[in-house]
>>> print(open('model24.cif').read())   # mmCIF, C-alpha atoms, pLDDT in the B column; chains and numbers go by the auth columns
data_target
#
loop_
_atom_site.group_PDB
_atom_site.id
_atom_site.type_symbol
_atom_site.label_atom_id
_atom_site.label_comp_id
_atom_site.label_asym_id
_atom_site.label_seq_id
_atom_site.Cartn_x
_atom_site.Cartn_y
_atom_site.Cartn_z
_atom_site.B_iso_or_equiv
_atom_site.auth_seq_id
_atom_site.auth_asym_id
ATOM 1 C CA MET A 1 20.026 -10.072 14.673 66.00 1 A
ATOM 2 C CA MET A 2 18.609 -10.138 11.140 79.00 2 A
ATOM 3 C CA THR A 3 14.819 -10.397 10.985 85.00 3 A
ATOM 4 C CA TYR A 4 14.276 -9.921 7.246 86.00 4 A
ATOM 5 C CA PRO A 5 17.229 -11.498 5.394 86.00 5 A
ATOM 6 C CA PHE A 6 14.854 -12.587 2.609 86.00 6 A
ATOM 7 C CA PHE A 7 14.330 -8.923 1.676 90.00 7 A
ATOM 8 C CA TYR A 8 17.999 -7.906 1.434 88.00 8 A
ATOM 9 C CA ASP A 9 18.300 -8.645 -2.271 84.00 9 A
ATOM 10 C CA PHE A 10 15.502 -6.170 -2.980 85.00 10 A
ATOM 11 C CA ILE A 11 17.036 -3.099 -1.336 88.00 11 A
ATOM 12 C CA LEU A 12 17.755 -0.817 -4.278 83.00 12 A
ATOM 13 C CA SER A 13 20.885 1.202 -3.685 76.00 13 A
ATOM 14 C CA GLY A 14 21.865 4.025 -6.006 71.00 14 A
ATOM 15 C CA ALA A 15 24.720 1.953 -7.404 73.00 15 A
ATOM 16 C CA TYR A 16 22.399 -0.964 -8.125 73.00 16 A
ATOM 17 C CA LEU A 17 19.789 1.240 -9.779 71.00 17 A
ATOM 18 C CA GLU A 18 22.410 2.524 -12.182 75.00 18 A
ATOM 19 C CA THR A 19 22.817 -1.020 -13.515 78.00 19 A
ATOM 20 C CA LEU A 20 19.096 -1.367 -14.286 74.00 20 A
ATOM 21 C CA LYS A 21 16.958 0.015 -17.047 75.00 21 A
ATOM 22 C CA PRO A 22 13.863 1.887 -15.763 68.00 22 A
ATOM 23 C CA LYS A 23 11.494 -0.864 -16.936 71.00 23 A
ATOM 24 C CA GLU A 24 13.476 -3.448 -14.975 71.00 24 A
ATOM 25 C CA TRP A 25 12.819 -1.702 -11.650 66.00 25 A
ATOM 26 C CA GLY A 26 9.129 -2.553 -11.756 64.00 26 A
ATOM 27 C CA LYS A 27 9.825 -6.195 -12.633 72.00 27 A
ATOM 28 C CA LEU A 28 11.614 -6.995 -9.379 75.00 28 A
ATOM 29 C CA GLN A 29 9.571 -8.918 -6.827 81.00 29 A
ATOM 30 C CA HIS A 30 9.976 -6.177 -4.208 86.00 30 A
ATOM 31 C CA ASN A 31 11.427 -2.661 -4.255 84.00 31 A
ATOM 32 C CA PHE A 32 12.874 -1.246 -1.008 90.00 32 A
ATOM 33 C CA TYR A 33 14.827 1.930 -0.289 91.00 33 A
ATOM 34 C CA ALA A 34 17.156 2.340 2.682 92.00 34 A
ATOM 35 C CA LEU A 35 16.540 5.057 5.263 94.00 35 A
ATOM 36 C CA GLN A 36 18.931 7.208 7.256 93.00 36 A
ATOM 37 C CA GLU A 37 18.687 7.022 11.031 95.00 37 A
ATOM 38 C CA ASP A 38 17.742 10.687 11.465 95.00 38 A
ATOM 39 C CA VAL A 39 14.754 10.203 9.139 96.00 39 A
ATOM 40 C CA ILE A 40 13.584 7.193 11.155 97.00 40 A
ATOM 41 C CA GLN A 41 14.039 9.160 14.357 96.00 41 A
ATOM 42 C CA GLU A 42 11.587 11.815 13.184 96.00 42 A
ATOM 43 C CA ALA A 43 8.788 9.235 13.043 96.00 43 A
ATOM 44 C CA ILE A 44 9.802 7.765 16.396 96.00 44 A
ATOM 45 C CA THR A 45 9.715 11.217 17.964 96.00 45 A
ATOM 46 C CA ALA A 46 6.331 12.000 16.405 96.00 46 A
ATOM 47 C CA PHE A 47 4.630 8.913 17.886 96.00 47 A
ATOM 48 C CA ASP A 48 5.387 7.722 21.391 93.00 48 A
ATOM 49 C CA PRO A 49 5.252 4.800 21.878 95.00 49 A
ATOM 50 C CA PHE A 50 6.478 3.752 18.435 97.00 50 A
ATOM 51 C CA PRO A 51 6.060 0.138 17.220 97.00 51 A
ATOM 52 C CA ALA A 52 9.350 -1.693 17.808 96.00 52 A
ATOM 53 C CA GLU A 53 8.878 -3.959 14.800 96.00 53 A
ATOM 54 C CA LEU A 54 8.230 -1.076 12.425 97.00 54 A
ATOM 55 C CA LYS A 55 11.351 0.682 13.743 96.00 55 A
ATOM 56 C CA GLN A 56 13.350 -2.485 13.119 95.00 56 A
ATOM 57 C CA PHE A 57 12.006 -2.811 9.560 96.00 57 A
ATOM 58 C CA TYR A 58 12.916 0.807 8.853 97.00 58 A
ATOM 59 C CA GLN A 59 16.447 0.265 10.175 95.00 59 A
ATOM 60 C CA GLU A 60 17.060 -3.101 8.549 94.00 60 A
ATOM 61 C CA ILE A 61 15.242 -2.701 5.204 94.00 61 A
ATOM 62 C CA GLY A 62 13.777 0.795 4.817 95.00 62 A
ATOM 63 C CA PHE A 63 10.459 1.412 3.067 95.00 63 A
ATOM 64 C CA GLY A 64 8.954 0.392 -0.244 90.00 64 A
ATOM 65 C CA TYR A 65 6.805 -1.966 -2.281 88.00 65 A
ATOM 66 C CA PHE A 66 5.914 -5.660 -2.086 89.00 66 A
ATOM 67 C CA HIS A 67 5.223 -7.918 -5.081 85.00 67 A
ATOM 68 C CA CYS A 68 5.461 -4.879 -7.336 75.00 68 A
ATOM 69 C CA ASN A 69 6.055 -7.159 -10.330 66.00 69 A
ATOM 70 C CA LYS A 70 2.454 -8.328 -9.900 67.00 70 A
ATOM 71 C CA GLU A 71 0.296 -5.859 -7.943 60.00 71 A
ATOM 72 C CA ARG A 72 2.647 -2.850 -8.035 56.00 72 A
ATOM 73 C CA ALA A 73 1.308 -0.841 -5.103 66.00 73 A
ATOM 74 C CA ASN A 74 1.369 -2.705 -1.784 87.00 74 A
ATOM 75 C CA ARG A 75 3.723 -0.653 0.323 90.00 75 A
ATOM 76 C CA ILE A 76 5.079 0.234 3.737 94.00 76 A
ATOM 77 C CA PHE A 77 5.180 3.998 4.046 94.00 77 A
ATOM 78 C CA ASP A 78 8.330 6.037 4.437 95.00 78 A
ATOM 79 C CA PRO A 79 8.568 7.925 7.776 96.00 79 A
ATOM 80 C CA TYR A 80 7.465 11.267 6.306 95.00 80 A
ATOM 81 C CA SER A 81 4.347 9.739 4.753 94.00 81 A
ATOM 82 C CA LEU A 82 3.674 7.862 7.991 96.00 82 A
ATOM 83 C CA ILE A 83 3.636 11.114 9.935 96.00 83 A
ATOM 84 C CA MET A 84 1.499 13.019 7.433 94.00 84 A
ATOM 85 C CA MET A 85 -1.049 10.232 6.992 93.00 85 A
ATOM 86 C CA ASN A 86 -1.589 9.533 10.681 96.00 86 A
ATOM 87 C CA ARG A 87 -1.949 13.259 11.334 95.00 87 A
ATOM 88 C CA LEU A 88 -4.178 13.721 8.265 93.00 88 A
ATOM 89 C CA GLU A 89 -1.940 16.462 6.954 92.00 89 A
ATOM 90 C CA ASP A 90 -1.793 17.969 3.488 90.00 90 A
ATOM 91 C CA ARG A 91 -3.697 15.969 0.822 86.00 91 A
ATOM 92 C CA PHE A 92 -4.328 13.104 3.260 88.00 92 A
ATOM 93 C CA ALA A 93 -6.881 15.273 5.079 89.00 93 A
ATOM 94 C CA PHE A 94 -9.346 14.418 2.294 89.00 94 A
ATOM 95 C CA ASP A 95 -8.759 10.637 2.193 87.00 95 A
ATOM 96 C CA VAL A 96 -12.027 9.105 3.411 87.00 96 A
ATOM 97 C CA GLU A 97 -10.691 5.538 3.517 86.00 97 A
ATOM 98 C CA LEU A 98 -7.699 6.687 5.524 90.00 98 A
ATOM 99 C CA LYS A 99 -9.908 8.436 8.078 90.00 99 A
ATOM 100 C CA ARG A 100 -11.943 5.233 8.488 88.00 100 A
ATOM 101 C CA SER A 101 -8.743 3.285 9.093 89.00 101 A
ATOM 102 C CA LEU A 102 -7.362 5.439 11.900 93.00 102 A
ATOM 103 C CA VAL A 103 -7.589 3.742 15.295 92.00 103 A
ATOM 104 C CA ASP A 104 -6.504 5.065 18.684 92.00 104 A
ATOM 105 C CA GLY A 105 -3.268 3.381 19.728 94.00 105 A
ATOM 106 C CA HIS A 106 -2.470 2.242 16.158 97.00 106 A
ATOM 107 C CA LEU A 107 -0.545 3.661 13.221 97.00 107 A
ATOM 108 C CA VAL A 108 -1.647 3.361 9.601 96.00 108 A
ATOM 109 C CA PHE A 109 1.549 2.077 7.979 96.00 109 A
ATOM 110 C CA PHE A 110 0.659 -0.058 4.941 94.00 110 A
ATOM 111 C CA GLN A 111 -1.423 0.571 1.825 91.00 111 A
ATOM 112 C CA THR A 112 -2.806 -2.179 -0.384 83.00 112 A
ATOM 113 C CA PHE A 113 -3.294 -2.086 -4.153 71.00 113 A
ATOM 114 C CA LEU A 114 -6.775 -0.559 -3.978 68.00 114 A
ATOM 115 C CA ASN A 115 -6.142 2.001 -1.241 73.00 115 A
ATOM 116 C CA GLN A 116 -7.086 -0.012 1.798 85.00 116 A
ATOM 117 C CA TYR A 117 -4.905 0.411 4.864 92.00 117 A
ATOM 118 C CA LEU A 118 -3.383 -1.825 7.516 94.00 118 A
ATOM 119 C CA THR A 119 -2.604 -0.571 11.004 96.00 119 A
ATOM 120 C CA ILE A 120 0.038 -1.630 13.494 97.00 120 A
ATOM 121 C CA ASP A 121 -0.406 -1.581 17.267 97.00 121 A
ATOM 122 C CA ARG A 122 1.911 0.995 18.817 97.00 122 A
ATOM 123 C CA GLU A 123 2.207 -1.065 21.994 96.00 123 A
ATOM 124 C CA THR A 124 4.979 -3.663 21.730 96.00 124 A
ATOM 125 C CA VAL A 125 4.361 -6.959 23.539 95.00 125 A
ATOM 126 C CA ASN A 126 7.326 -9.338 23.833 95.00 126 A
ATOM 127 C CA GLY A 127 8.975 -7.548 20.931 94.00 127 A
ATOM 128 C CA LYS A 128 5.930 -7.955 18.673 96.00 128 A
ATOM 129 C CA ASN A 129 3.312 -5.567 17.282 97.00 129 A
ATOM 130 C CA ALA A 130 -0.043 -6.901 16.103 96.00 130 A
ATOM 131 C CA ILE A 131 -1.341 -5.987 12.627 96.00 131 A
ATOM 132 C CA TYR A 132 -4.972 -5.096 11.878 95.00 132 A
ATOM 133 C CA TYR A 133 -7.264 -4.576 8.924 92.00 133 A
ATOM 134 C CA LYS A 134 -10.501 -2.699 9.662 89.00 134 A
ATOM 135 C CA ARG A 135 -9.915 -3.261 13.394 90.00 135 A
ATOM 136 C CA GLN A 136 -9.630 -7.024 12.881 91.00 136 A
ATOM 137 C CA LYS A 137 -6.315 -8.650 13.790 93.00 137 A
ATOM 138 C CA ILE A 138 -4.691 -10.407 10.825 93.00 138 A
ATOM 139 C CA SER A 139 -1.301 -11.142 12.393 94.00 139 A
ATOM 140 C CA THR A 140 0.246 -11.234 15.852 95.00 140 A
ATOM 141 C CA SER A 141 3.372 -9.533 14.528 95.00 141 A
ATOM 142 C CA LEU A 142 4.747 -7.588 11.581 95.00 142 A
ATOM 143 C CA SER A 143 7.557 -10.104 11.034 93.00 143 A
ATOM 144 C CA ASN A 144 5.103 -13.019 10.766 92.00 144 A
ATOM 145 C CA LEU A 145 2.879 -11.149 8.315 93.00 145 A
ATOM 146 C CA LEU A 146 5.750 -10.139 6.038 92.00 146 A
ATOM 147 C CA SER A 147 7.293 -13.604 6.128 90.00 147 A
ATOM 148 C CA TYR A 148 4.048 -15.203 4.943 89.00 148 A
ATOM 149 C CA TYR A 149 3.439 -12.414 2.439 89.00 149 A
ATOM 150 C CA HIS A 150 6.928 -12.712 0.962 87.00 150 A
ATOM 151 C CA ASN A 151 6.412 -16.420 0.255 86.00 151 A
ATOM 152 C CA ASN A 152 2.789 -16.166 -0.859 85.00 152 A
ATOM 153 C CA ARG A 153 1.518 -13.028 -2.567 81.00 153 A
ATOM 154 C CA ASP A 154 -2.075 -14.209 -2.068 82.00 154 A
ATOM 155 C CA HIS A 155 -1.709 -14.363 1.719 84.00 155 A
ATOM 156 C CA LEU A 156 -2.670 -10.763 2.377 85.00 156 A
ATOM 157 C CA SER A 157 -5.539 -10.711 -0.113 82.00 157 A
ATOM 158 C CA SER A 158 -6.960 -13.864 1.480 83.00 158 A
ATOM 159 C CA GLU A 159 -6.904 -12.328 4.971 84.00 159 A
ATOM 160 C CA ILE A 160 -8.570 -9.147 3.737 84.00 160 A
ATOM 161 C CA LYS A 161 -11.174 -10.994 1.677 84.00 161 A
ATOM 162 C CA ASN A 162 -12.230 -13.082 4.695 86.00 162 A
ATOM 163 C CA ILE A 163 -12.703 -9.989 6.838 85.00 163 A
ATOM 164 C CA ASP A 164 -14.656 -8.102 4.164 83.00 164 A
ATOM 165 C CA GLU A 165 -16.934 -11.095 3.531 84.00 165 A
ATOM 166 C CA ALA A 166 -17.623 -11.375 7.263 84.00 166 A
ATOM 167 C CA ARG A 167 -18.491 -7.673 7.393 80.00 167 A
ATOM 168 C CA ILE A 168 -20.869 -8.054 4.463 83.00 168 A
ATOM 169 C CA LYS A 169 -22.649 -10.903 6.261 79.00 169 A
ATOM 170 C CA LYS A 170 -23.060 -8.638 9.282 76.00 170 A
ATOM 171 C CA GLY A 171 -24.875 -6.107 7.100 76.00 171 A
ATOM 172 C CA ILE A 172 -22.199 -3.424 7.066 68.00 172 A
ATOM 173 C CA PRO A 173 -23.032 -0.900 4.288 59.00 173 A
ATOM 174 C CA GLN A 174 -21.287 -1.612 1.000 48.00 174 A
ATOM 175 C CA ALA A 175 -19.967 1.946 0.797 48.00 175 A
ATOM 176 C CA THR A 176 -17.340 1.024 3.378 47.00 176 A
ATOM 177 C CA LEU A 177 -16.209 -1.957 1.297 44.00 177 A
ATOM 178 C CA ARG A 178 -15.881 -0.362 -2.109 43.00 178 A
ATOM 179 C CA ASN A 179 -12.105 -0.728 -2.224 43.00 179 A
ATOM 180 C CA THR A 180 -11.882 -4.410 -1.352 39.00 180 A
ATOM 181 C CA PHE A 181 -8.445 -5.859 -2.095 37.00 181 A
ATOM 182 C CA VAL A 182 -8.836 -7.970 -5.245 37.00 182 A
ATOM 183 C CA TYR A 183 -6.735 -9.275 -8.084 35.00 183 A
ATOM 184 C CA LYS A 184 -7.560 -8.714 -11.723 41.00 184 A
ATOM 185 C CA PRO A 185 -7.648 -11.970 -13.753 40.00 185 A
ATOM 186 C CA LYS A 186 -4.745 -12.345 -16.165 45.00 186 A
ATOM 187 C CA ASP A 187 -7.038 -12.604 -19.194 49.00 187 A
ATOM 188 C CA GLU A 188 -8.536 -9.218 -18.318 45.00 188 A
ATOM 189 C CA LYS A 189 -5.225 -7.411 -17.868 47.00 189 A
ATOM 190 C CA GLY A 190 -4.335 -5.136 -20.706 51.00 190 A
ATOM 191 C CA LYS A 191 -7.834 -5.153 -22.158 51.00 191 A
ATOM 192 C CA LYS A 192 -9.366 -1.780 -22.844 49.00 192 A
ATOM 193 C CA GLU A 193 -13.083 -1.330 -22.895 48.00 193 A
ATOM 194 C CA ALA A 194 -14.470 -0.054 -26.178 51.00 194 A
ATOM 195 C CA ALA A 195 -15.786 3.470 -25.997 50.00 195 A
ATOM 196 C CA PRO A 196 -19.575 3.530 -26.061 49.00 196 A
ATOM 197 C CA THR A 197 -21.020 4.539 -29.409 50.00 197 A
ATOM 198 C CA GLU A 198 -23.423 7.406 -29.422 48.00 198 A
ATOM 199 C CA SER A 199 -26.912 6.544 -30.511 46.00 199 A
ATOM 200 C CA LYS A 200 -28.757 8.818 -32.876 45.00 200 A
ATOM 201 C CA GLU A 201 -31.842 8.199 -30.822 47.00 201 A
ATOM 202 C CA THR A 202 -31.957 9.900 -27.465 45.00 202 A
ATOM 203 C CA ASN A 203 -34.357 8.983 -24.710 45.00 203 A
ATOM 204 C CA SER A 204 -34.527 8.961 -20.941 45.00 204 A
ATOM 205 C CA ASN A 205 -33.100 5.435 -20.727 48.00 205 A
ATOM 206 C CA SER A 206 -30.092 5.979 -23.014 42.00 206 A
ATOM 207 C CA ALA A 207 -27.679 6.685 -20.140 43.00 207 A
ATOM 208 C CA ALA A 208 -28.640 3.474 -18.382 43.00 208 A
ATOM 209 C CA SER A 209 -27.892 1.440 -21.495 43.00 209 A
ATOM 210 C CA LEU A 210 -24.254 2.535 -21.721 46.00 210 A
ATOM 211 C CA PRO A 211 -21.620 0.082 -20.454 48.00 211 A
ATOM 212 C CA PRO A 212 -19.938 0.994 -17.140 47.00 212 A
ATOM 213 C CA GLN A 213 -16.784 3.056 -17.465 47.00 213 A
ATOM 214 C CA LYS A 214 -13.512 1.654 -16.170 43.00 214 A
ATOM 215 C CA PRO A 215 -12.333 3.765 -13.189 42.00 215 A
ATOM 216 C CA THR A 216 -8.986 5.482 -13.431 41.00 216 A
ATOM 217 C CA PRO A 217 -6.509 3.746 -11.074 39.00 217 A
ATOM 218 C CA PRO A 218 -4.957 5.941 -8.397 39.00 218 A
ATOM 219 C CA THR A 219 -1.408 7.206 -8.813 39.00 219 A
ATOM 220 C CA ASN A 220 0.781 5.763 -6.094 38.00 220 A
ATOM 221 C CA ASN A 221 3.543 8.109 -5.022 39.00 221 A
ATOM 222 C CA GLN A 222 5.430 8.741 -1.828 39.00 222 A
ATOM 223 C CA ALA A 223 4.461 11.813 0.159 40.00 223 A
ATOM 224 C CA GLN A 224 6.923 14.649 -0.098 40.00 224 A
ATOM 225 C CA ASN A 225 8.109 16.924 2.667 43.00 225 A
ATOM 226 C CA PRO A 226 9.172 20.281 1.199 39.00 226 A
ATOM 227 C CA ASN A 227 11.828 20.725 3.881 43.00 227 A
ATOM 228 C CA LYS A 228 13.342 17.250 3.651 43.00 228 A
ATOM 229 C CA LYS A 229 14.826 14.883 1.126 44.00 229 A
ATOM 230 C CA ARG A 230 12.054 13.970 -1.293 42.00 230 A
ATOM 231 C CA TRP A 231 10.963 10.634 -2.666 43.00 231 A
ATOM 232 C CA THR A 232 8.642 10.368 -5.624 36.00 232 A
ATOM 233 C CA ILE A 233 7.987 6.764 -6.565 38.00 233 A
ATOM 234 C CA LEU A 234 5.258 5.845 -8.982 37.00 234 A
ATOM 235 C CA PHE A 235 4.371 3.274 -11.570 34.00 235 A
ATOM 236 C CA ASP A 236 3.493 4.127 -15.137 34.00 236 A
ATOM 237 C CA ASP A 237 0.329 2.198 -15.947 34.00 237 A
ATOM 238 C CA GLU A 238 1.122 2.097 -19.646 36.00 238 A
ATOM 239 C CA ASP A 239 4.390 0.193 -19.515 37.00 239 A
ATOM 240 C CA ASP A 240 4.555 -0.950 -15.873 38.00 240 A
ATOM 241 C CA SER A 241 7.863 0.840 -15.372 38.00 241 A
ATOM 242 C CA LEU A 242 8.911 2.256 -12.027 40.00 242 A
ATOM 243 C CA VAL A 243 9.852 5.907 -12.107 38.00 243 A
ATOM 244 C CA ILE A 244 11.914 7.550 -9.398 39.00 244 A
ATOM 245 C CA GLY A 245 12.589 11.261 -9.344 35.00 245 A
#
>>> encode(input="model24.cif", output="structure tokens")
Amino acid sequence: MMTYPFFYDFILSGAYLETLKPKEWGKLQHNFYALQEDVIQEAITAFDPFPAELKQFYQEIGFGYFHCNKERANRIFDPYSLIMMNRLEDRFAFDVELKRSLVDGHLVFFQTFLNQYLTIDRETVNGKNAIYYKRQKISTSLSNLLSYYHNNRDHLSSEIKNIDEARIKKGIPQATLRNTFVYKPKDEKGKKEAAPTESKETNSNSAASLPPQKPTPPTNNQAQNPNKKRWTILFDDEDDSLVIG
């Protein structure tokens, strides 16, 4: 039974990629990459019980990015990244936001544009696994969430915004909300802030008068396992092209 037929056209096979120019990869609505069964089985073996819906997505679609022609970085992790992130291995051991997102009985499986994480309940109830953001349920199942998200790219941001606003009202420290999922207005995209000019006069307040510096966006790339087939998928911020190596 097909659960995600609306994603089939976005599974990028090697033959299909050969027909595209690199810049065209990042202009597709979604980018997904098929997985071999033995790779999926490694994640299933690592976490028992394993979410039935996530297993089905891996088998039917694979892993990859959603709405990458707009936001470019909302993704379901490949099995190797899933294992490393939930075990806080390698570079993930230093990811503060990831550590905050880990919940007993859940798996971190999805990363939003600004490095916030969604978790999926490992317990399967009637074939469904609930989805959470900061321990708040945003969907009763993975299939429902992805169906809404496929048809409306603002669906996920709206759910996350509502939860973050509720947390702010409860007085939760802002430090835990610094990576709130937001969209950048179209008229601001592509603009570069002018470098601050140095003043000949120096005083104790000169630093405070400088305009805020634009933070460097994180590089989004798949985790690599040195002993397994490697995926490196990232977006070039200069020309929005998707690079696979």
>>> resolve_selection(input="model24.cif", expression="the PyMOL selection byres ((chain A and resi 141-155) around 7)", output="list in words")
Glu53, His67, Lys128, Asn129, Ala130, Ile131, Ser139, Thr140, Leu156, Ser157, Ser158 and Glu159 of chain A
>>> atom_distance(input="model24.cif", atom1="CA of Ile160 in chain A", atom2="CA of Gln136 in chain A")
9.4 Å
>>> residues_around(input="model24.cif", residues="Glu97 in chain A", least_positions_apart="6", cutoff="8 Å", atoms="only C-alpha atoms", output="ChimeraX atom specification")
/A:115-117
>>> atom_distance(input="model24.cif", atom1="CA of Leu107 in chain A", atom2="CA of Ile83 in chain A")
9.2 Å
>>> closest_residue(input="model24.cif", among="A:Tyr65, A:Pro79, A:Tyr58, A:Tyr133", to="Val103 in chain A", atoms="all atoms listed in the file")
A:Tyr133
>>> atom_distance(input="model24.cif", atom1="CA of Thr112 in chain A", atom2="CA of Arg75 in chain A")
6.7 Å
>>> resolve_selection(input="model24.cif", expression="the PyMOL selection byres ((chain A and resi 56) around 12)", output="PyMOL selection string")
chain A and resi 1-4+35+37+40-41+44+50-55+57-63+127-129+142-143
>>> residues_around(input="model24.cif", residues="range 5-15 of chain A", least_positions_apart="5", cutoff="8 Å", atoms="only C-alpha atoms", output="PyMOL selection string")
chain A and resi 28-34+61-62
>>> residues_near_point(input="model24.cif", point="(0.1, 9.9, 6.9)", cutoff="12 Å", atoms="only C-alpha atoms", output="JSON, numbers by chain")
{"A": [43, 46, 47, 76, 77, 78, 79, 80, 81, 82, 83, 84, 85, 86, 87, 88, 89, 90, 91, 92, 93, 94, 95, 98, 99, 101, 102, 107, 108, 109, 110, 111, 117, 119, 222, 223, 224, 225]}
>>> write_last_selection(input="model24.cif", atoms="C-alpha atoms", output="PDB file, keeping the file's coordinate frame")
ATOM      1  CA  ALA A  43       8.788   9.235  13.043  1.00 96.00           C
ATOM      2  CA  ALA A  46       6.331  12.000  16.405  1.00 96.00           C
ATOM      3  CA  PHE A  47       4.630   8.913  17.886  1.00 96.00           C
ATOM      4  CA  ILE A  76       5.079   0.234   3.737  1.00 94.00           C
ATOM      5  CA  PHE A  77       5.180   3.998   4.046  1.00 94.00           C
ATOM      6  CA  ASP A  78       8.330   6.037   4.437  1.00 95.00           C
ATOM      7  CA  PRO A  79       8.568   7.925   7.776  1.00 96.00           C
ATOM      8  CA  TYR A  80       7.465  11.267   6.306  1.00 95.00           C
ATOM      9  CA  SER A  81       4.347   9.739   4.753  1.00 94.00           C
ATOM     10  CA  LEU A  82       3.674   7.862   7.991  1.00 96.00           C
ATOM     11  CA  ILE A  83       3.636  11.114   9.935  1.00 96.00           C
ATOM     12  CA  MET A  84       1.499  13.019   7.433  1.00 94.00           C
ATOM     13  CA  MET A  85      -1.049  10.232   6.992  1.00 93.00           C
ATOM     14  CA  ASN A  86      -1.589   9.533  10.681  1.00 96.00           C
ATOM     15  CA  ARG A  87      -1.949  13.259  11.334  1.00 95.00           C
ATOM     16  CA  LEU A  88      -4.178  13.721   8.265  1.00 93.00           C
ATOM     17  CA  GLU A  89      -1.940  16.462   6.954  1.00 92.00           C
ATOM     18  CA  ASP A  90      -1.793  17.969   3.488  1.00 90.00           C
ATOM     19  CA  ARG A  91      -3.697  15.969   0.822  1.00 86.00           C
ATOM     20  CA  PHE A  92      -4.328  13.104   3.260  1.00 88.00           C
ATOM     21  CA  ALA A  93      -6.881  15.273   5.079  1.00 89.00           C
ATOM     22  CA  PHE A  94      -9.346  14.418   2.294  1.00 89.00           C
ATOM     23  CA  ASP A  95      -8.759  10.637   2.193  1.00 87.00           C
ATOM     24  CA  LEU A  98      -7.699   6.687   5.524  1.00 90.00           C
ATOM     25  CA  LYS A  99      -9.908   8.436   8.078  1.00 90.00           C
ATOM     26  CA  SER A 101      -8.743   3.285   9.093  1.00 89.00           C
ATOM     27  CA  LEU A 102      -7.362   5.439  11.900  1.00 93.00           C
ATOM     28  CA  LEU A 107      -0.545   3.661  13.221  1.00 97.00           C
ATOM     29  CA  VAL A 108      -1.647   3.361   9.601  1.00 96.00           C
ATOM     30  CA  PHE A 109       1.549   2.077   7.979  1.00 96.00           C
ATOM     31  CA  PHE A 110       0.659  -0.058   4.941  1.00 94.00           C
ATOM     32  CA  GLN A 111      -1.423   0.571   1.825  1.00 91.00           C
ATOM     33  CA  TYR A 117      -4.905   0.411   4.864  1.00 92.00           C
ATOM     34  CA  THR A 119      -2.604  -0.571  11.004  1.00 96.00           C
ATOM     35  CA  GLN A 222       5.430   8.741  -1.828  1.00 39.00           C
ATOM     36  CA  ALA A 223       4.461  11.813   0.159  1.00 40.00           C
ATOM     37  CA  GLN A 224       6.923  14.649  -0.098  1.00 40.00           C
ATOM     38  CA  ASN A 225       8.109  16.924   2.667  1.00 43.00           C
TER      39      ASN A 225
END
>>> closest_residue(input="model24.cif", among="A:Ile168, A:Ile163, A:Ile120, A:Phe66", to="Tyr132 in chain A", atoms="all atoms listed in the file")
A:Ile120
